[in-house]
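Asks: What follows is the file input23.cif, containing mmCIF, C-alpha atoms:
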data_data
loop_
_atom_site.label_atom_id
_atom_site.label_comp_id
_atom_site.auth_asym_id
_atom_site.auth_seq_id
_atom_site.Cartn_x
_atom_site.Cartn_y
_atom_site.Cartn_z
CA MET H 1 -26.28 23.92 -65.05
CA LYS H 2 -23.98 22.68 -67.83
CA VAL H 3 -24.28 18.94 -67.17
CA ALA H 4 -28.06 18.79 -66.67
CA PRO H 5 -29.24 19.41 -70.25
CA VAL H 6 -26.67 17.00 -71.72
CA HIS H 7 -27.63 14.29 -69.23
CA LYS H 8 -31.33 14.73 -70.00
CA VAL H 9 -30.79 14.33 -73.76
CA PHE H 10 -28.66 11.22 -73.24
CA ASN H 11 -31.41 9.78 -71.03
CA LYS H 12 -33.99 10.34 -73.77
CA ILE H 13 -32.01 8.36 -76.32
CA SER H 14 -30.69 5.68 -73.97
CA ILE H 15 -33.73 3.45 -74.54
CA ASN H 16 -32.91 3.08 -78.23
CA SER H 17 -29.12 2.99 -77.92
CA ASN H 18 -26.43 1.22 -75.99
CA ILE H 19 -25.10 4.51 -74.63
CA SER H 20 -25.19 5.07 -70.87
CA HIS H 21 -24.33 8.43 -69.34
CA LEU H 22 -23.04 8.43 -65.76
CA ILE H 23 -22.44 11.49 -63.57
CA CYS H 24 -19.34 11.99 -61.43
CA HIS H 25 -19.50 14.77 -58.83
CA THR H 26 -15.94 15.54 -57.71
CA GLY H 27 -17.00 17.55 -54.68
CA GLN H 28 -14.71 20.42 -55.62
CA HIS H 29 -17.58 22.75 -54.79
CA TYR H 30 -18.02 21.11 -51.45
CA ASP H 31 -20.96 22.85 -49.78
CA GLU H 32 -23.24 19.85 -49.26
CA GLN H 33 -26.42 21.91 -48.96
CA MET H 34 -25.74 23.90 -52.11
CA SER H 35 -24.84 20.74 -54.05
CA ARG H 36 -28.08 19.10 -52.97
CA ILE H 37 -30.11 22.20 -53.87
CA PHE H 38 -28.58 22.36 -57.34
CA PHE H 39 -29.11 18.66 -58.04
CA ASP H 40 -32.69 18.79 -56.76
CA GLU H 41 -33.59 21.97 -58.66
CA LEU H 42 -32.05 20.78 -61.92
CA GLY H 43 -33.78 17.41 -61.73
CA LEU H 44 -30.50 15.52 -61.74
CA PRO H 45 -30.28 12.07 -60.19
CA LYS H 46 -27.94 11.30 -57.33
CA PRO H 47 -24.44 11.21 -58.86
CA ASP H 48 -23.21 7.77 -59.83
CA PHE H 49 -19.86 8.69 -58.29
CA TYR H 50 -19.07 11.22 -55.59
CA LEU H 51 -15.37 11.85 -54.96
CA GLY H 52 -15.75 14.13 -51.93
CA ILE H 53 -12.64 16.17 -52.70
CA GLY H 54 -13.42 19.32 -50.70
CA SER H 55 -11.26 22.38 -50.29
CA GLY H 56 -7.54 22.86 -50.77
CA SER H 57 -5.02 24.70 -52.88
CA HIS H 58 -5.23 24.41 -56.66
CA ALA H 59 -2.51 21.75 -56.62
CA GLU H 60 -4.14 19.79 -53.78
CA GLN H 61 -7.57 19.81 -55.38
CA THR H 62 -6.28 18.86 -58.81
CA ALA H 63 -4.12 16.04 -57.44
CA LYS H 64 -6.88 14.62 -55.23
CA ILE H 65 -9.37 14.65 -58.11
CA MET H 66 -6.92 12.86 -60.40
CA ILE H 67 -6.21 10.14 -57.85
CA GLU H 68 -9.89 9.45 -57.14
CA PHE H 69 -11.16 9.88 -60.70
CA GLU H 70 -8.55 7.45 -62.00
CA LYS H 71 -10.11 4.75 -59.81
CA VAL H 72 -13.51 5.44 -61.40
CA LEU H 73 -12.09 5.25 -64.93
CA ILE H 74 -10.19 2.03 -64.30
CA LYS H 75 -13.34 0.43 -62.91
CA GLU H 76 -15.81 1.72 -65.51
CA GLN H 77 -13.63 1.79 -68.67
CA PRO H 78 -15.72 4.49 -70.41
CA ASP H 79 -15.42 5.30 -74.11
CA LEU H 80 -15.63 9.03 -73.44
CA VAL H 81 -15.34 11.54 -70.60
CA ILE H 82 -17.30 14.79 -70.92
CA VAL H 83 -16.00 17.74 -68.91
CA VAL H 84 -17.59 21.18 -68.61
CA GLY H 85 -16.38 24.68 -67.88
CA ASP H 86 -13.03 25.74 -66.53
CA VAL H 87 -12.64 24.65 -62.91
CA ASN H 88 -9.95 22.44 -61.40
CA SER H 89 -12.18 19.39 -61.92
CA THR H 90 -12.22 20.14 -65.65
CA ILE H 91 -8.47 19.87 -66.19
CA ALA H 92 -7.97 17.15 -63.57
CA CYS H 93 -10.53 14.78 -65.11
CA SER H 94 -9.38 15.57 -68.66
CA LEU H 95 -5.75 14.87 -67.89
CA THR H 96 -6.56 11.65 -66.05
CA ALA H 97 -8.71 10.38 -68.92
CA VAL H 98 -6.24 11.24 -71.68
CA LYS H 99 -3.39 9.49 -69.87
CA LEU H 100 -5.53 6.34 -69.79
CA GLY H 101 -6.24 6.61 -73.52
CA ILE H 102 -9.86 7.70 -73.04
CA LYS H 103 -11.30 10.37 -75.34
CA VAL H 104 -12.40 13.70 -73.85
CA ALA H 105 -15.13 16.13 -74.89
CA HIS H 106 -14.94 19.67 -73.51
CA VAL H 107 -18.22 21.56 -73.26
CA GLU H 108 -17.70 25.35 -73.24
CA ALA H 109 -14.37 25.16 -75.07
CA GLY H 110 -12.37 27.96 -76.67
CA LEU H 111 -13.22 30.76 -74.25
CA ARG H 112 -10.24 32.99 -73.48
CA SER H 113 -9.78 35.98 -71.18
CA PHE H 114 -6.11 36.28 -72.21
CA ASP H 115 -5.34 36.78 -68.53
CA ARG H 116 -3.15 33.95 -67.27
CA THR H 117 -3.31 35.21 -63.71
CA MET H 118 -6.79 33.63 -63.67
CA PRO H 119 -6.58 29.93 -62.71
CA GLU H 120 -9.59 29.30 -64.96
CA GLU H 121 -7.66 30.52 -67.99
CA ILE H 122 -4.92 27.94 -67.41
CA ASN H 123 -7.56 25.22 -66.98
CA ARG H 124 -9.27 26.24 -70.23
CA ILE H 125 -6.09 26.33 -72.32
CA LEU H 126 -4.79 22.99 -71.08
CA THR H 127 -8.13 21.19 -71.34
CA ASP H 128 -8.67 22.38 -74.90
CA SER H 129 -5.18 21.31 -75.94
CA ILE H 130 -5.74 17.67 -74.93
CA SER H 131 -9.45 17.21 -75.72
CA ASP H 132 -10.76 15.26 -78.74
CA TYR H 133 -14.07 17.12 -79.14
CA LEU H 134 -14.38 20.84 -78.43
CA PHE H 135 -17.91 22.24 -78.11
CA VAL H 136 -17.89 26.02 -78.46
CA THR H 137 -20.42 28.57 -77.20
CA GLU H 138 -19.55 31.60 -79.35
CA LYS H 139 -17.62 32.45 -82.51
CA SER H 140 -14.68 33.93 -80.58
CA GLY H 141 -14.05 30.42 -79.24
CA VAL H 142 -13.70 29.02 -82.75
CA GLU H 143 -11.25 31.80 -83.63
CA ASN H 144 -9.21 31.24 -80.44
CA LEU H 145 -8.85 27.52 -81.07
CA LYS H 146 -7.87 28.06 -84.70
CA ARG H 147 -5.21 30.56 -83.60
CA GLU H 148 -3.85 28.00 -81.13
CA GLY H 149 -3.46 25.42 -83.89
CA ILE H 150 -6.33 23.14 -82.89
CA SER H 151 -7.52 21.02 -85.82
CA ASP H 152 -10.84 22.19 -87.30
CA ASP H 153 -12.24 18.66 -87.21
CA LYS H 154 -12.19 18.73 -83.39
CA VAL H 155 -14.12 22.00 -83.09
CA PHE H 156 -17.93 22.27 -83.09
CA PHE H 157 -19.82 25.54 -82.70
CA VAL H 158 -22.98 24.36 -80.95
CA GLY H 159 -24.20 27.15 -78.68
CA ASN H 160 -24.48 27.41 -74.91
CA VAL H 161 -25.75 24.65 -72.61
CA MET H 162 -26.13 27.17 -69.77
CA ILE H 163 -28.82 28.83 -71.84
CA ASP H 164 -30.53 25.47 -72.43
CA THR H 165 -30.94 25.24 -68.66
CA LEU H 166 -32.01 28.86 -68.26
CA LEU H 167 -34.69 28.67 -70.95
CA SER H 168 -36.06 25.32 -69.79
CA PHE H 169 -36.45 26.53 -66.21
CA LEU H 170 -38.00 29.95 -66.91
CA PRO H 171 -41.50 28.82 -65.82
CA LYS H 172 -40.12 27.56 -62.49
CA ILE H 173 -37.99 30.67 -62.05
CA GLU H 174 -41.12 32.81 -62.30
CA LYS H 175 -42.65 30.92 -59.37
CA SER H 176 -39.81 31.69 -56.95
CA ASN H 177 -40.84 33.38 -53.71
CA ILE H 178 -37.35 34.70 -52.92
CA ALA H 179 -38.49 38.34 -53.23
CA LYS H 180 -41.13 37.78 -50.57
CA ARG H 181 -38.66 35.97 -48.32
CA LEU H 182 -36.15 38.80 -48.65
CA ASN H 183 -38.87 41.46 -48.46
CA ILE H 184 -37.72 43.27 -51.59
CA SER H 185 -39.44 44.85 -54.58
CA SER H 186 -38.23 44.72 -58.20
CA ASP H 187 -36.29 47.96 -57.79
CA PHE H 188 -32.90 46.64 -56.64
CA VAL H 189 -29.32 46.12 -57.78
CA LEU H 190 -27.90 42.59 -57.58
CA ILE H 191 -24.22 42.04 -56.75
CA THR H 192 -21.99 38.97 -56.91
CA LEU H 193 -18.29 39.17 -56.09
CA HIS H 194 -15.70 36.43 -55.59
CA ARG H 195 -12.63 36.87 -57.85
CA PRO H 196 -9.33 36.87 -55.91
CA SER H 197 -8.25 40.06 -57.71
CA ASN H 198 -11.29 41.82 -56.23
CA VAL H 199 -11.69 40.27 -52.79
CA ASP H 200 -8.28 39.02 -51.64
CA HIS H 201 -6.59 42.43 -51.39
CA LYS H 202 -7.74 44.78 -48.65
CA MET H 203 -7.45 48.03 -50.64
CA ASN H 204 -9.28 46.60 -53.65
CA LEU H 205 -12.08 45.26 -51.49
CA LYS H 206 -12.25 48.49 -49.48
CA LYS H 207 -12.71 50.50 -52.71
CA LEU H 208 -15.47 48.13 -53.80
CA VAL H 209 -17.24 48.46 -50.44
CA GLU H 210 -17.11 52.25 -50.80
CA PHE H 211 -18.45 51.93 -54.35
CA PHE H 212 -21.33 49.69 -53.23
CA ASN H 213 -22.13 52.08 -50.37
CA LYS H 214 -22.33 54.94 -52.85
CA ILE H 215 -24.87 52.98 -54.89
CA ALA H 216 -26.77 52.02 -51.74
CA ASP H 217 -27.36 55.69 -50.94
CA HIS H 218 -30.03 55.59 -53.65
CA ASN H 219 -30.75 51.93 -54.44
CA LYS H 220 -31.47 48.77 -52.52
CA ILE H 221 -28.72 46.19 -53.06
CA VAL H 222 -29.08 42.42 -52.77
CA PHE H 223 -25.71 40.76 -52.22
CA PRO H 224 -25.64 36.93 -52.04
CA ILE H 225 -22.20 36.66 -50.54
CA HIS H 226 -19.60 34.08 -51.52
CA PRO H 227 -17.87 32.41 -48.52
CA ARG H 228 -14.50 33.73 -49.71
CA THR H 229 -15.84 37.29 -49.91
CA ARG H 230 -17.50 37.13 -46.48
CA LYS H 231 -14.31 35.76 -44.94
CA ASN H 232 -12.23 38.61 -46.35
CA LEU H 233 -14.77 41.30 -45.45
CA GLU H 234 -14.60 40.06 -41.87
CA GLN H 235 -10.84 39.61 -41.86
CA PHE H 236 -10.25 43.12 -43.21
CA ASP H 237 -12.84 44.54 -40.77
CA LEU H 238 -14.95 45.89 -43.64
CA ILE H 239 -18.23 44.06 -43.16
CA ARG H 240 -19.44 46.50 -40.49
CA SER H 241 -18.90 49.42 -42.86
CA LEU H 242 -21.45 48.11 -45.40
CA HIS H 243 -24.41 50.44 -45.97
CA HIS H 244 -27.66 49.51 -44.22
CA ASN H 245 -29.30 49.40 -47.66
CA ILE H 246 -27.15 46.42 -48.65
CA LEU H 247 -28.90 43.14 -47.94
CA LEU H 248 -26.35 40.37 -47.41
CA THR H 249 -27.67 36.86 -47.92
CA GLU H 250 -26.17 33.40 -47.87
CA PRO H 251 -25.49 31.79 -51.29
CA ILE H 252 -28.79 31.26 -53.10
CA GLY H 253 -30.08 28.30 -55.12
CA TYR H 254 -30.19 28.38 -58.91
CA LEU H 255 -33.88 29.14 -59.43
CA ASP H 256 -34.06 31.80 -56.73
CA PHE H 257 -30.88 33.43 -57.96
CA LEU H 258 -32.10 33.64 -61.54
CA PHE H 259 -35.37 35.14 -60.31
CA LEU H 260 -33.27 37.88 -58.68
CA VAL H 261 -31.28 38.38 -61.90
CA LYS H 262 -34.42 38.54 -64.04
CA ASN H 263 -36.15 41.02 -61.73
CA SER H 264 -33.19 43.25 -60.91
CA THR H 265 -32.62 46.70 -62.36
CA LEU H 266 -28.94 45.97 -62.86
CA VAL H 267 -26.36 43.29 -62.03
CA LEU H 268 -22.82 44.05 -60.83
CA THR H 269 -20.56 41.01 -61.02
CA ASP H 270 -17.11 39.54 -61.55
CA SER H 271 -18.54 36.15 -62.53
CA GLY H 272 -18.51 34.50 -65.94
CA GLY H 273 -21.82 32.74 -66.47
CA ILE H 274 -23.89 35.65 -65.17
CA GLN H 275 -22.66 37.72 -68.12
CA GLU H 276 -24.36 35.17 -70.39
CA GLU H 277 -27.58 34.86 -68.39
CA THR H 278 -28.09 38.62 -68.17
CA THR H 279 -27.54 38.92 -71.93
CA VAL H 280 -30.31 36.40 -72.64
CA LEU H 281 -32.63 37.97 -70.07
CA GLY H 282 -31.88 41.50 -71.33
CA ILE H 283 -30.71 42.73 -67.92
CA PRO H 284 -27.86 45.27 -67.89
CA CYS H 285 -24.70 43.76 -66.40
CA ILE H 286 -21.59 45.63 -65.30
CA THR H 287 -18.59 43.31 -65.07
CA ILE H 288 -15.86 44.43 -62.68
CA ARG H 289 -12.98 42.69 -64.43
CA ASN H 290 -10.24 43.76 -66.82
CA SER H 291 -11.11 41.07 -69.35
CA THR H 292 -13.88 38.67 -70.24
CA GLU H 293 -13.71 35.26 -71.83
CA ARG H 294 -17.24 35.88 -73.11
CA PRO H 295 -16.76 38.90 -75.44
CA ILE H 296 -20.01 38.26 -77.30
CA THR H 297 -21.88 39.48 -74.19
CA VAL H 298 -20.17 42.86 -74.55
CA GLU H 299 -20.24 43.03 -78.35
CA ILE H 300 -23.95 42.33 -78.85
CA GLY H 301 -25.27 41.57 -75.36
CA SER H 302 -26.19 43.61 -72.29
CA ASN H 303 -22.78 43.42 -70.62
CA TYR H 304 -20.45 46.37 -69.88
CA LEU H 305 -16.80 45.55 -69.13
CA VAL H 306 -15.34 48.24 -66.85
CA GLY H 307 -12.22 46.66 -65.34
CA ASN H 308 -11.32 48.17 -61.97
CA ASN H 309 -12.41 51.64 -63.09
CA LEU H 310 -15.16 52.22 -60.53
CA THR H 311 -15.77 55.76 -61.81
CA LEU H 312 -16.67 54.29 -65.19
CA ALA H 313 -18.75 51.61 -63.47
CA PHE H 314 -20.74 54.29 -61.64
CA GLU H 315 -21.27 56.24 -64.86
CA LYS H 316 -22.59 53.13 -66.61
CA MET H 317 -24.82 52.36 -63.64
CA GLU H 318 -26.24 55.89 -63.56
CA GLY H 319 -26.91 55.68 -67.29
CA VAL H 320 -28.79 52.41 -66.89
CA LEU H 321 -30.83 53.73 -63.97
CA LYS H 322 -31.77 56.76 -66.08
CA GLY H 323 -32.97 54.49 -68.88
CA LYS H 324 -29.89 54.71 -71.12
CA ARG H 325 -29.51 51.02 -71.88
CA LYS H 326 -27.55 49.83 -74.87
CA SER H 327 -29.47 47.68 -77.32
CA SER H 328 -28.68 43.99 -76.95
CA ASN H 329 -29.32 40.77 -78.84
CA ILE H 330 -29.17 37.07 -78.06
CA PRO H 331 -26.07 35.40 -79.56
CA GLU H 332 -26.27 32.84 -82.35
CA LEU H 333 -27.36 29.32 -81.33
CA TRP H 334 -28.25 30.35 -77.77
CA ASP H 335 -31.63 28.81 -78.45
CA GLY H 336 -32.07 26.06 -75.86
CA LYS H 337 -31.03 23.25 -78.22
CA THR H 338 -27.29 23.10 -77.62
CA ALA H 339 -27.35 19.84 -75.66
CA GLU H 340 -29.24 18.16 -78.51
CA ARG H 341 -26.54 19.25 -80.97
CA ILE H 342 -23.77 18.03 -78.66
CA VAL H 343 -25.33 14.61 -78.12
CA ASP H 344 -26.10 14.21 -81.82
CA ILE H 345 -22.44 14.85 -82.69
CA LEU H 346 -21.17 12.52 -79.97
CA MET H 347 -23.57 9.74 -80.95
CA LYS H 348 -22.30 9.85 -84.51
CA LYS H 349 -18.70 9.85 -83.32
CA LEU H 350 -19.15 7.06 -80.79
CA VAL H 351 -21.44 4.79 -82.79
CA TYR H 352 -20.22 5.17 -86.35
CA GLN H 353 -16.45 5.47 -85.82
#
Now that the file is in, can you turn its structure into structure tokens?
Replies:
Amino acid sequence: MKVAPVHKVFNKISINSNISHLICHTGQHYDEQMSRIFFDELGLPKPDFYLGIGSGSHAEQTAKIMIEFEKVLIKEQPDLVIVVGDVNSTIACSLTAVKLGIKVAHVEAGLRSFDRTMPEEINRILTDSISDYLFVTEKSGVENLKREGISDDKVFFVGNVMIDTLLSFLPKIEKSNIAKRLNISSDFVLITLHRPSNVDHKMNLKKLVEFFNKIADHNKIVFPIHPRTRKNLEQFDLIRSLHHNILLTEPIGYLDFLFLVKNSTLVLTDSGGIQEETTVLGIPCITIRNSTERPITVEIGSNYLVGNNLTLAFEKMEGVLKGKRKSSNIPELWDGKTAERIVDILMKKLVYQ
């Protein structure tokens, strides 16, 4: 979702420039079917390089990516590596490139949860500290980087590429038949859950199951279940205690999932990007985390941050279901043109310097 709009803009200008943009898929997110669905739906070509890394601990994944990505860089000798987000691939590819003297651009830079127990937070901090170009989604990112001593001339407030993808695919999203396939109406609550702090500890997960069951007494729930979450529900013998009104599904493709978001009454999540998508779509979102690296979604968007206070979460949910929604706005520069701004900056840097 973050690579697609940048790749498409580079493709448009490639005819009149000597810039070529190649895609490397590390395989960190290793579900072959889901990868294929995402590439097909986003209109991306087959990756120029596929590293096939697969699962493993954080150290194993990061090390494997570095070893394989180094081979790509030595062969291709690129002028620039663009990394996105905050996953292990982000820091692994950045570190490999920098050690070979290759410049790095980080898309979605500057976000901070200020919770270093989150692996993503470590990836974000380290990637930003070694990158040459930092493309920021919201003003808090600019402030975070300034506070960390990053030079202003490396930082560019450009907006959010995730929203480029969302806005460009709205017509296709509307055509999804996922509601018919799942036999649901528009009156449902959507849940996503995968953070280790929520799903890796039996008591925490048990409390969440009880919370979801309480909601399901009155509302249909659609729950596309992450493999990690399903595994733990089964391991802790909790999956059988889920309310009959909770519809568990396998992970869902991008277009179908956004149709569910757009047509839900409310989203309950511990994810990051969904906080942004719900804000743009104007759908109330309750985030079950103690912190968010996307504070703009709480400050002016449709997001409520409740931590692990499930009593507060239920109060917010009841308020939303009774029509008490807070007013929300779309953040600055979340206008569908972020990729154009990023490529324009990079072209000037690469061509004229």
Asks: Can you turn the PyMOL selection byres ((chain H and resi 134) around 10) into a concrete residue list for this file, as a PDB file with C-alpha atoms, in the frame of the given file?
Replies:
ATOM      1  CA  VAL H 104     -12.400  13.700 -73.850  1.00  0.00           C
ATOM      2  CA  ALA H 105     -15.130  16.130 -74.890  1.00  0.00           C
ATOM      3  CA  HIS H 106     -14.940  19.670 -73.510  1.00  0.00           C
ATOM      4  CA  VAL H 107     -18.220  21.560 -73.260  1.00  0.00           C
ATOM      5  CA  GLU H 108     -17.700  25.350 -73.240  1.00  0.00           C
ATOM      6  CA  ALA H 109     -14.370  25.160 -75.070  1.00  0.00           C
ATOM      7  CA  GLY H 110     -12.370  27.960 -76.670  1.00  0.00           C
ATOM      8  CA  THR H 127      -8.130  21.190 -71.340  1.00  0.00           C
ATOM      9  CA  ASP H 128      -8.670  22.380 -74.900  1.00  0.00           C
ATOM     10  CA  SER H 129      -5.180  21.310 -75.940  1.00  0.00           C
ATOM     11  CA  ILE H 130      -5.740  17.670 -74.930  1.00  0.00           C
ATOM     12  CA  SER H 131      -9.450  17.210 -75.720  1.00  0.00           C
ATOM     13  CA  ASP H 132     -10.760  15.260 -78.740  1.00  0.00           C
ATOM     14  CA  TYR H 133     -14.070  17.120 -79.140  1.00  0.00           C
ATOM     15  CA  PHE H 135     -17.910  22.240 -78.110  1.00  0.00           C
ATOM     16  CA  VAL H 136     -17.890  26.020 -78.460  1.00  0.00           C
ATOM     17  CA  THR H 137     -20.420  28.570 -77.200  1.00  0.00           C
ATOM     18  CA  GLY H 141     -14.050  30.420 -79.240  1.00  0.00           C
ATOM     19  CA  VAL H 142     -13.700  29.020 -82.750  1.00  0.00           C
ATOM     20  CA  LEU H 145      -8.850  27.520 -81.070  1.00  0.00           C
ATOM     21  CA  ILE H 150      -6.330  23.140 -82.890  1.00  0.00           C
ATOM     22  CA  ASP H 152     -10.840  22.190 -87.300  1.00  0.00           C
ATOM     23  CA  ASP H 153     -12.240  18.660 -87.210  1.00  0.00           C
ATOM     24  CA  LYS H 154     -12.190  18.730 -83.390  1.00  0.00           C
ATOM     25  CA  VAL H 155     -14.120  22.000 -83.090  1.00  0.00           C
ATOM     26  CA  PHE H 156     -17.930  22.270 -83.090  1.00  0.00           C
ATOM     27  CA  PHE H 157     -19.820  25.540 -82.700  1.00  0.00           C
ATOM     28  CA  VAL H 158     -22.980  24.360 -80.950  1.00  0.00           C
ATOM     29  CA  ILE H 342     -23.770  18.030 -78.660  1.00  0.00           C
TER      30      ILE H 342
END
Asks: What does the distance between atom CA of Lys231 of chain H and atom CA of Leu268 of chain H come to in Å, to one decimal place?
Replies: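 If I compute the distance from atom CA of Lys231 of chain H to atom CA of Leu268 of chain H, I get 19.8 Å.
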Asks: Looking at H:Ser271, H:Asn213, H:Ser151, H:Ser57, which one is nearest to His194 of chain H, with distances taken over all atoms listed in the file?
Replies: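 Among the listed residues, H:Ser271 lies closest to His194 of chain H.
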Asks: Excluding Thr278 of chain H and residues on its chain fewer than 6 positions from it, collect all residues at most 8 Å away from it, counting all atoms listed in the file, and give them as number ranges by chain.
Replies: H: 261-262, 267, 284-285, 302-303
Asks: Keeping C-alpha atoms for every residue in the selection just given, could you write it to a file as a PDB file, keeping the file's coordinate frame?
Replies:
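For reference, selection19.pdb as written:
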ATOM      1  CA  VAL H 261     -31.280  38.380 -61.900  1.00  0.00           C
ATOM      2  CA  LYS H 262     -34.420  38.540 -64.040  1.00  0.00           C
ATOM      3  CA  VAL H 267     -26.360  43.290 -62.030  1.00  0.00           C
ATOM      4  CA  PRO H 284     -27.860  45.270 -67.890  1.00  0.00           C
ATOM      5  CA  CYS H 285     -24.700  43.760 -66.400  1.00  0.00           C
ATOM      6  CA  SER H 302     -26.190  43.610 -72.290  1.00  0.00           C
ATOM      7  CA  ASN H 303     -22.780  43.420 -70.620  1.00  0.00           C
TER       8      ASN H 303
END
Asks: Taking the file above as input, evaluate the PyMOL selection byres ((chain H and resi 58) around 12) and report the hits as a PyMOL selection string.
Replies: chain H and resi 28+53-57+59-65+87-89+91-92+118-120+122-123
Asks: So that I have them on file, write out the residues from the current selection with C-alpha atoms, as a short mmCIF file (atom, residue, chain, number, x, y, z; two decimals), in the frame of the given file.
Replies:
data_model
loop_
_atom_site.label_atom_id
_atom_site.label_comp_id
_atom_site.auth_asym_id
_atom_site.auth_seq_id
_atom_site.Cartn_x
_atom_site.Cartn_y
_atom_site.Cartn_z
CA GLN H 28 -14.71 20.42 -55.62
CA ILE H 53 -12.64 16.17 -52.70
CA GLY H 54 -13.42 19.32 -50.70
CA SER H 55 -11.26 22.38 -50.29
CA GLY H 56 -7.54 22.86 -50.77
CA SER H 57 -5.02 24.70 -52.88
CA ALA H 59 -2.51 21.75 -56.62
CA GLU H 60 -4.14 19.79 -53.78
CA GLN H 61 -7.57 19.81 -55.38
CA THR H 62 -6.28 18.86 -58.81
CA ALA H 63 -4.12 16.04 -57.44
CA LYS H 64 -6.88 14.62 -55.23
CA ILE H 65 -9.37 14.65 -58.11
CA VAL H 87 -12.64 24.65 -62.91
CA ASN H 88 -9.95 22.44 -61.40
CA SER H 89 -12.18 19.39 -61.92
CA ILE H 91 -8.47 19.87 -66.19
CA ALA H 92 -7.97 17.15 -63.57
CA MET H 118 -6.79 33.63 -63.67
CA PRO H 119 -6.58 29.93 -62.71
CA GLU H 120 -9.59 29.30 -64.96
CA ILE H 122 -4.92 27.94 -67.41
CA ASN H 123 -7.56 25.22 -66.98
#
Asks: Between H:Asp344, H:Lys324, H:Asp237, H:Pro5, which has the minimum distance to Asp164 of chain H (counting only C-alpha atoms)?
Replies: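 The shortest atom-to-atom distance to Asp164 of chain H comes from H:Pro5.
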Asks: Rounded to one decimal place, report the atom CA of Pro227 of chain H-atom CA of Glu250 of chain H distance in Å.
Replies: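 Separation between atom CA of Pro227 of chain H and atom CA of Glu250 of chain H: 8.4 Å.
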Asks: List the neighbours of Lys220 of chain H out to 7 Å using only C-alpha atoms; skip same-chain residues closer than 3 positions along the sequence, and give me the result as a list in words.
Replies: Phe188, Val189, Ala216, Asn245 and Ile246 of chain H
Asks: Of the residues H:Leu22, H:Ile184, H:Ile102, H:Leu255, which is the one nearest to Asp40 of chain H, using all atoms listed in the file?
Replies: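 Of the candidates, the smallest distance to Asp40 of chain H is held by H:Leu255.
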